[in-house]
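Trainee: First, the structure itself, so that you have it in front of you.
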Amino acid sequence: AAVRLGSPVERVAWDAEGVRLGAGGAELEAHVCVVAVPAGVLHRIAFEPALPPQPGEALAAVRFGEAAKLFVPLRRSTPPSAVMSVPDRYWTWTATGARDEPQPVVSAFAGSSGALERLGVATGAERWLASLERLRPDLELDPGGALLSTWSDDPWAGAAYSTSPPPELAEASERPVGPLVFAGEHLGGPFAALMEGAIRSGRAAARALLAR
């Protein structure tokens with residue numbers, strides 16, 4: 001097996017015999033295909049023929065939450081802690097890492113459109129950093145190394161995580177459509193929106209294909 005980087009799939013032609021993937025002018029043939037891209041970018045892949053209503057319509061109807069994270073290095077490690085900003089609606093925490101030693105970083109998470117707007121995330125990390133400095137005077141921040149992470153403006157994600165996808169959507173990772181089967185956090189059933197959901201749907205997809 002080989003991992004191909006820098007080759008985003010643009011087209012998936014499928015029939016009873018298998019699949020043909022089109023990526024940047026190149027074509028790859030396979031017996032089966034696990035489509036494990038985020039639902040937010042699935043519409044950029046042309047399926048030939050189009051997907052049937054189930055799971056096509058269900059996948060197209062997935063809705064997403066809005067979220068962002070801010071990571072700020074610390075000049076001095078600190079024990080685990082968690083503090084919430086009530087007015088700005090975000091959490092901050094410090095934690096341990098390998099060998100149970102404190103990590104020299106504070107993480108912050110905001111998970112609503114109102115919070116992101118209040119923190120000015122669309123224009124950068126400055127407003128959030130200023131709020132964090134006021135909220136956590138106990139920490140020695142190194143703002144020059146701050147990293148703002150978003151998903152909605154990431155061309156390979158298109159959004160953060162799914163919000164309350166219908167339970168029947170999980171069937172897309174258990175019931176192949178011809179040679180195709182789908183996987184992703186949005187197909188994780190009760191574990192949707194979590195890494196656990198992505199892993200479980202991937203395992204379900206693999207089992208479904210092996211059982212063909």
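FYI, nothing fancy with the structure tokens labels: chains A, B, ... in order, residues from 1 per chain, ligands from 1 as they appear.
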Leaving out segment 130-140 of chain A and any residue of its chain fewer than 4 positions from it, which residues lie within 12 Å of it when counting only C-alpha atoms, given as a PyMOL selection string?

Mentor: chain A and resi 70-94+104-109+118-120+124-126+146

Trainee: So that I have them on file, write out the residues from the current selection with N, CA and C atoms, as a short mmCIF file (atom, residue, chain, number, x, y, z; two decimals), in the first residue's frame.

Mentor:
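Saved as again-v1.cif:
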```cif
data_model
loop_
_atom_site.label_atom_id
_atom_site.label_comp_id
_atom_site.auth_asym_id
_atom_site.auth_seq_id
_atom_site.Cartn_x
_atom_site.Cartn_y
_atom_site.Cartn_z
N LEU A 70 -7.18 28.37 21.13
CA LEU A 70 -6.00 29.24 21.24
C LEU A 70 -4.99 28.54 22.14
N PHE A 71 -3.77 28.40 21.65
CA PHE A 71 -2.70 27.78 22.43
C PHE A 71 -1.61 28.82 22.67
N VAL A 72 -1.26 29.03 23.93
CA VAL A 72 -0.26 30.04 24.27
C VAL A 72 0.84 29.41 25.11
N PRO A 73 2.10 29.49 24.68
CA PRO A 73 3.20 28.95 25.48
C PRO A 73 3.31 29.70 26.81
N LEU A 74 3.82 29.00 27.80
CA LEU A 74 4.07 29.58 29.11
C LEU A 74 5.57 29.68 29.35
N ARG A 75 5.98 30.74 29.99
CA ARG A 75 7.40 30.87 30.33
C ARG A 75 7.78 29.97 31.50
N ARG A 76 6.76 29.49 32.20
CA ARG A 76 6.99 28.60 33.33
C ARG A 76 5.85 27.60 33.40
N SER A 77 6.17 26.32 33.52
CA SER A 77 5.13 25.29 33.62
C SER A 77 4.31 25.50 34.88
N THR A 78 3.08 25.06 34.82
CA THR A 78 2.18 25.25 35.96
C THR A 78 1.34 23.99 36.14
N PRO A 79 0.89 23.71 37.35
CA PRO A 79 0.07 22.51 37.59
C PRO A 79 -1.24 22.57 36.80
N PRO A 80 -1.91 21.42 36.64
CA PRO A 80 -3.19 21.40 35.94
C PRO A 80 -4.20 22.36 36.57
N SER A 81 -4.94 23.04 35.71
CA SER A 81 -5.94 24.00 36.19
C SER A 81 -6.99 24.18 35.11
N ALA A 82 -8.12 24.74 35.49
CA ALA A 82 -9.19 25.03 34.53
C ALA A 82 -9.95 26.25 35.01
N VAL A 83 -10.07 27.24 34.15
CA VAL A 83 -10.77 28.48 34.49
C VAL A 83 -11.65 28.87 33.31
N MET A 84 -12.89 29.25 33.59
CA MET A 84 -13.81 29.67 32.53
C MET A 84 -14.02 31.18 32.57
N SER A 85 -14.04 31.79 31.40
CA SER A 85 -14.43 33.19 31.29
C SER A 85 -15.93 33.23 31.04
N VAL A 86 -16.68 33.67 32.02
CA VAL A 86 -18.13 33.73 31.88
C VAL A 86 -18.55 34.79 30.86
N PRO A 87 -18.04 36.03 30.95
CA PRO A 87 -18.49 37.04 29.98
C PRO A 87 -18.07 36.75 28.54
N ASP A 88 -16.89 36.18 28.35
CA ASP A 88 -16.42 35.92 26.99
C ASP A 88 -16.69 34.49 26.53
N ARG A 89 -17.22 33.66 27.41
CA ARG A 89 -17.71 32.32 27.07
C ARG A 89 -16.64 31.42 26.45
N TYR A 90 -15.57 31.21 27.18
CA TYR A 90 -14.57 30.23 26.74
C TYR A 90 -13.88 29.62 27.95
N TRP A 91 -13.34 28.43 27.73
CA TRP A 91 -12.62 27.70 28.76
C TRP A 91 -11.12 27.85 28.55
N THR A 92 -10.36 27.83 29.65
CA THR A 92 -8.91 27.73 29.58
C THR A 92 -8.46 26.60 30.50
N TRP A 93 -7.36 25.97 30.14
CA TRP A 93 -6.84 24.92 31.01
C TRP A 93 -5.35 24.70 30.77
N THR A 94 -4.69 24.24 31.82
CA THR A 94 -3.33 23.73 31.73
C THR A 94 -3.39 22.26 32.10
N PRO A 104 4.17 23.27 29.41
CA PRO A 104 4.31 24.73 29.45
C PRO A 104 3.43 25.41 28.41
N VAL A 105 2.13 25.19 28.50
CA VAL A 105 1.19 25.79 27.54
C VAL A 105 -0.18 25.90 28.19
N VAL A 106 -0.90 26.95 27.86
CA VAL A 106 -2.30 27.07 28.27
C VAL A 106 -3.15 26.98 27.01
N SER A 107 -4.21 26.20 27.10
CA SER A 107 -5.13 26.03 25.97
C SER A 107 -6.44 26.73 26.28
N ALA A 108 -7.10 27.22 25.25
CA ALA A 108 -8.40 27.87 25.41
C ALA A 108 -9.32 27.39 24.30
N PHE A 109 -10.59 27.24 24.63
CA PHE A 109 -11.56 26.74 23.66
C PHE A 109 -12.83 27.58 23.73
N ARG A 118 -17.29 37.70 19.70
CA ARG A 118 -16.88 38.54 20.82
C ARG A 118 -15.36 38.56 20.97
N LEU A 119 -14.73 37.42 20.68
CA LEU A 119 -13.27 37.32 20.81
C LEU A 119 -12.53 37.81 19.57
N GLY A 120 -13.26 38.19 18.53
CA GLY A 120 -12.63 38.72 17.33
C GLY A 120 -11.78 37.71 16.59
N GLY A 124 -7.99 37.53 13.98
CA GLY A 124 -6.75 37.11 14.61
C GLY A 124 -6.90 36.81 16.09
N ALA A 125 -5.78 36.65 16.76
CA ALA A 125 -5.78 36.21 18.16
C ALA A 125 -5.66 37.35 19.17
N GLU A 126 -5.49 38.59 18.72
CA GLU A 126 -5.14 39.67 19.63
C GLU A 126 -6.18 39.88 20.73
N ALA A 146 1.86 32.41 20.40
CA ALA A 146 0.46 31.97 20.40
C ALA A 146 0.05 31.39 19.05
#
```

Trainee: Quick one: residues within 8 Å of segment 50-66 of chain A, only C-alpha atoms, excluding same-chain residues fewer than 5 positions away - as a tab-separated table (two decimals) with N, CA and C atoms, in the first residue's frame?

Mentor:
```
chain	number	residue	atom	x	y	z
A	39	ALA	N	-17.42	15.94	6.30
A	39	ALA	CA	-18.66	16.20	5.57
A	39	ALA	C	-18.69	17.61	4.99
A	43	HIS	N	-18.93	17.83	-0.64
A	43	HIS	CA	-19.59	18.34	-1.84
A	43	HIS	C	-18.59	18.69	-2.94
A	111	GLY	N	-16.70	27.74	21.74
A	111	GLY	CA	-17.50	26.87	20.88
A	111	GLY	C	-18.86	27.39	20.50
A	112	SER	N	-18.98	28.67	20.17
A	112	SER	CA	-20.24	29.20	19.66
A	112	SER	C	-19.93	30.40	18.78
A	113	SER	N	-20.84	30.70	17.87
A	113	SER	CA	-20.61	31.83	16.96
A	113	SER	C	-20.54	33.14	17.73
A	116	LEU	N	-17.07	33.43	19.38
A	116	LEU	CA	-16.02	33.70	18.40
A	116	LEU	C	-16.08	35.16	17.94
A	152	SER	N	-13.40	26.41	10.27
A	152	SER	CA	-14.31	26.84	9.20
A	152	SER	C	-13.57	27.43	8.01
A	159	ALA	N	-15.32	23.08	8.36
A	159	ALA	CA	-16.15	23.33	9.54
A	159	ALA	C	-15.47	22.67	10.73
A	160	ALA	N	-16.06	22.86	11.91
A	160	ALA	CA	-15.48	22.27	13.12
A	160	ALA	C	-15.94	20.83	13.28
A	161	TYR	N	-17.02	20.61	13.98
A	161	TYR	CA	-17.52	19.26	14.23
A	161	TYR	C	-19.02	19.25	14.05
A	162	SER	N	-19.57	18.07	13.78
A	162	SER	CA	-21.00	17.96	13.53
A	162	SER	C	-21.80	18.19	14.80
A	163	THR	N	-23.03	18.64	14.63
A	163	THR	CA	-23.90	18.88	15.78
A	163	THR	C	-25.16	18.03	15.64
A	164	SER	N	-25.31	17.08	16.53
A	164	SER	CA	-26.50	16.23	16.62
A	164	SER	C	-26.92	15.63	15.27
A	165	PRO	N	-26.01	14.94	14.58
A	165	PRO	CA	-26.43	14.29	13.33
A	165	PRO	C	-27.45	13.20	13.63
A	169	LEU	N	-27.70	8.27	10.32
A	169	LEU	CA	-26.55	8.61	9.50
A	169	LEU	C	-25.39	7.65	9.76
A	172	ALA	N	-24.29	4.83	7.37
A	172	ALA	CA	-23.47	5.02	6.17
A	172	ALA	C	-22.10	4.37	6.31
A	186	HIS	N	-18.79	12.54	11.97
A	186	HIS	CA	-20.21	12.79	11.79
A	186	HIS	C	-21.02	11.51	11.63
```

Trainee: Hey, which of A:Leu141, A:Ile45, A:Leu180, A:Ala23 ends up closest to Pro8 of chain A? Count only C-alpha atoms.

Mentor: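 Ranking A:Leu141, A:Ile45, A:Leu180, A:Ala23 by distance to Pro8 of chain A, first place goes to A:Ala23.
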
Trainee: Hey, what does DSSP flag as helix (DSSP H, G or I) within segment 60-106 of chain A? Can you give it to me as a list in words?

Mentor: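 The helix (DSSP H, G or I) subset of segment 60-106 of chain A is Ala60, Ala98, Arg99 and Asp100 of chain A.
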
Trainee: If you run DSSP on this backbone, which residues of segment 47-128 of chain A come out as strand (DSSP E), and could you give them as an MDAnalysis selection string?

Mentor: chainID A and resid 47:48 68:73 81:85 90:94 105:110

Trainee: Write the residues of the selection above to a file with N, CA and C atoms, as a JSON list (two decimals), in the first residue's frame.

Mentor:
```
[["chain", "number", "residue", "atom", "x", "y", "z"],
["A", 47, "PHE", "N", -19.27, 12.61, -7.53],
["A", 47, "PHE", "CA", -19.53, 11.17, -7.57],
["A", 47, "PHE", "C", -20.26, 10.84, -8.86],
["A", 48, "GLU", "N", -19.77, 9.86, -9.58],
["A", 48, "GLU", "CA", -20.34, 9.44, -10.86],
["A", 48, "GLU", "C", -20.62, 7.94, -10.82],
["A", 68, "ALA", "N", -13.16, 27.36, 17.98],
["A", 68, "ALA", "CA", -11.76, 27.75, 17.78],
["A", 68, "ALA", "C", -10.99, 27.44, 19.05],
["A", 69, "LYS", "N", -9.70, 27.24, 18.89],
["A", 69, "LYS", "CA", -8.82, 27.02, 20.04],
["A", 69, "LYS", "C", -7.65, 27.99, 19.96],
["A", 70, "LEU", "N", -7.18, 28.37, 21.13],
["A", 70, "LEU", "CA", -6.00, 29.24, 21.24],
["A", 70, "LEU", "C", -4.99, 28.54, 22.14],
["A", 71, "PHE", "N", -3.77, 28.40, 21.65],
["A", 71, "PHE", "CA", -2.70, 27.78, 22.43],
["A", 71, "PHE", "C", -1.61, 28.82, 22.67],
["A", 72, "VAL", "N", -1.26, 29.03, 23.93],
["A", 72, "VAL", "CA", -0.26, 30.04, 24.27],
["A", 72, "VAL", "C", 0.84, 29.41, 25.11],
["A", 73, "PRO", "N", 2.10, 29.49, 24.68],
["A", 73, "PRO", "CA", 3.20, 28.95, 25.48],
["A", 73, "PRO", "C", 3.31, 29.70, 26.81],
["A", 81, "SER", "N", -4.94, 23.04, 35.71],
["A", 81, "SER", "CA", -5.94, 24.00, 36.19],
["A", 81, "SER", "C", -6.99, 24.18, 35.11],
["A", 82, "ALA", "N", -8.12, 24.74, 35.49],
["A", 82, "ALA", "CA", -9.19, 25.03, 34.53],
["A", 82, "ALA", "C", -9.95, 26.25, 35.01],
["A", 83, "VAL", "N", -10.07, 27.24, 34.15],
["A", 83, "VAL", "CA", -10.77, 28.48, 34.49],
["A", 83, "VAL", "C", -11.65, 28.87, 33.31],
["A", 84, "MET", "N", -12.89, 29.25, 33.59],
["A", 84, "MET", "CA", -13.81, 29.67, 32.53],
["A", 84, "MET", "C", -14.02, 31.18, 32.57],
["A", 85, "SER", "N", -14.04, 31.79, 31.40],
["A", 85, "SER", "CA", -14.43, 33.19, 31.29],
["A", 85, "SER", "C", -15.93, 33.23, 31.04],
["A", 90, "TYR", "N", -15.57, 31.21, 27.18],
["A", 90, "TYR", "CA", -14.57, 30.23, 26.74],
["A", 90, "TYR", "C", -13.88, 29.62, 27.95],
["A", 91, "TRP", "N", -13.34, 28.43, 27.73],
["A", 91, "TRP", "CA", -12.62, 27.70, 28.76],
["A", 91, "TRP", "C", -11.12, 27.85, 28.55],
["A", 92, "THR", "N", -10.36, 27.83, 29.65],
["A", 92, "THR", "CA", -8.91, 27.73, 29.58],
["A", 92, "THR", "C", -8.46, 26.60, 30.50],
["A", 93, "TRP", "N", -7.36, 25.97, 30.14],
["A", 93, "TRP", "CA", -6.84, 24.92, 31.01],
["A", 93, "TRP", "C", -5.35, 24.70, 30.77],
["A", 94, "THR", "N", -4.69, 24.24, 31.82],
["A", 94, "THR", "CA", -3.33, 23.73, 31.73],
["A", 94, "THR", "C", -3.39, 22.26, 32.10],
["A", 105, "VAL", "N", 2.13, 25.19, 28.50],
["A", 105, "VAL", "CA", 1.19, 25.79, 27.54],
["A", 105, "VAL", "C", -0.18, 25.90, 28.19],
["A", 106, "VAL", "N", -0.90, 26.95, 27.86],
["A", 106, "VAL", "CA", -2.30, 27.07, 28.27],
["A", 106, "VAL", "C", -3.15, 26.98, 27.01],
["A", 107, "SER", "N", -4.21, 26.20, 27.10],
["A", 107, "SER", "CA", -5.13, 26.03, 25.97],
["A", 107, "SER", "C", -6.44, 26.73, 26.28],
["A", 108, "ALA", "N", -7.10, 27.22, 25.25],
["A", 108, "ALA", "CA", -8.40, 27.87, 25.41],
["A", 108, "ALA", "C", -9.32, 27.39, 24.30],
["A", 109, "PHE", "N", -10.59, 27.24, 24.63],
["A", 109, "PHE", "CA", -11.56, 26.74, 23.66],
["A", 109, "PHE", "C", -12.83, 27.58, 23.73],
["A", 110, "ALA", "N", -13.30, 28.02, 22.56],
["A", 110, "ALA", "CA", -14.58, 28.71, 22.44],
["A", 110, "ALA", "C", -15.42, 27.97, 21.42]]
```

Trainee: Separation of atom CA of Gln103 of chain A and atom CA of Ala192 of chain A, in Å?

Mentor: 28.3 Å

Trainee: Expressed in Å to a single decimal, how great is the separation between atom CA of Val41 of chain A and atom CA of Thr150 of chain A?

Mentor: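 Taking atom CA of Val41 of chain A as the start and atom CA of Thr150 of chain A as the end point, the length is 15.3 Å.
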
Trainee: Could you check which of A:Ala36, A:Ala115, A:Met195, A:Ala46 is closest to Trp156 of chain A, using only C-alpha atoms?

Mentor: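 Ranked by minimum distance to Trp156 of chain A, first place goes to A:Ala36.
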
Trainee: Between A:Pro176, A:Gly158, A:Pro190, A:Gly114, single out the one closest to Cys33 of chain A, counting only C-alpha atoms.

Mentor: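 Distance minimum relative to Cys33 of chain A lands on A:Pro176.
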
Trainee: Which residue gives the smallest distance to Val121 of chain A among A:Glu17, A:Glu185, A:Asp153, A:Glu10, with only C-alpha atoms counted?

Mentor: A:Asp153

Trainee: Got a sec: who's within 6 Å of Gly22 of chain A, counting only C-alpha atoms, leaving out chain neighbours fewer than 5 positions off, as a PyMOL selection string?

Mentor: chain A and resi 9-11+27
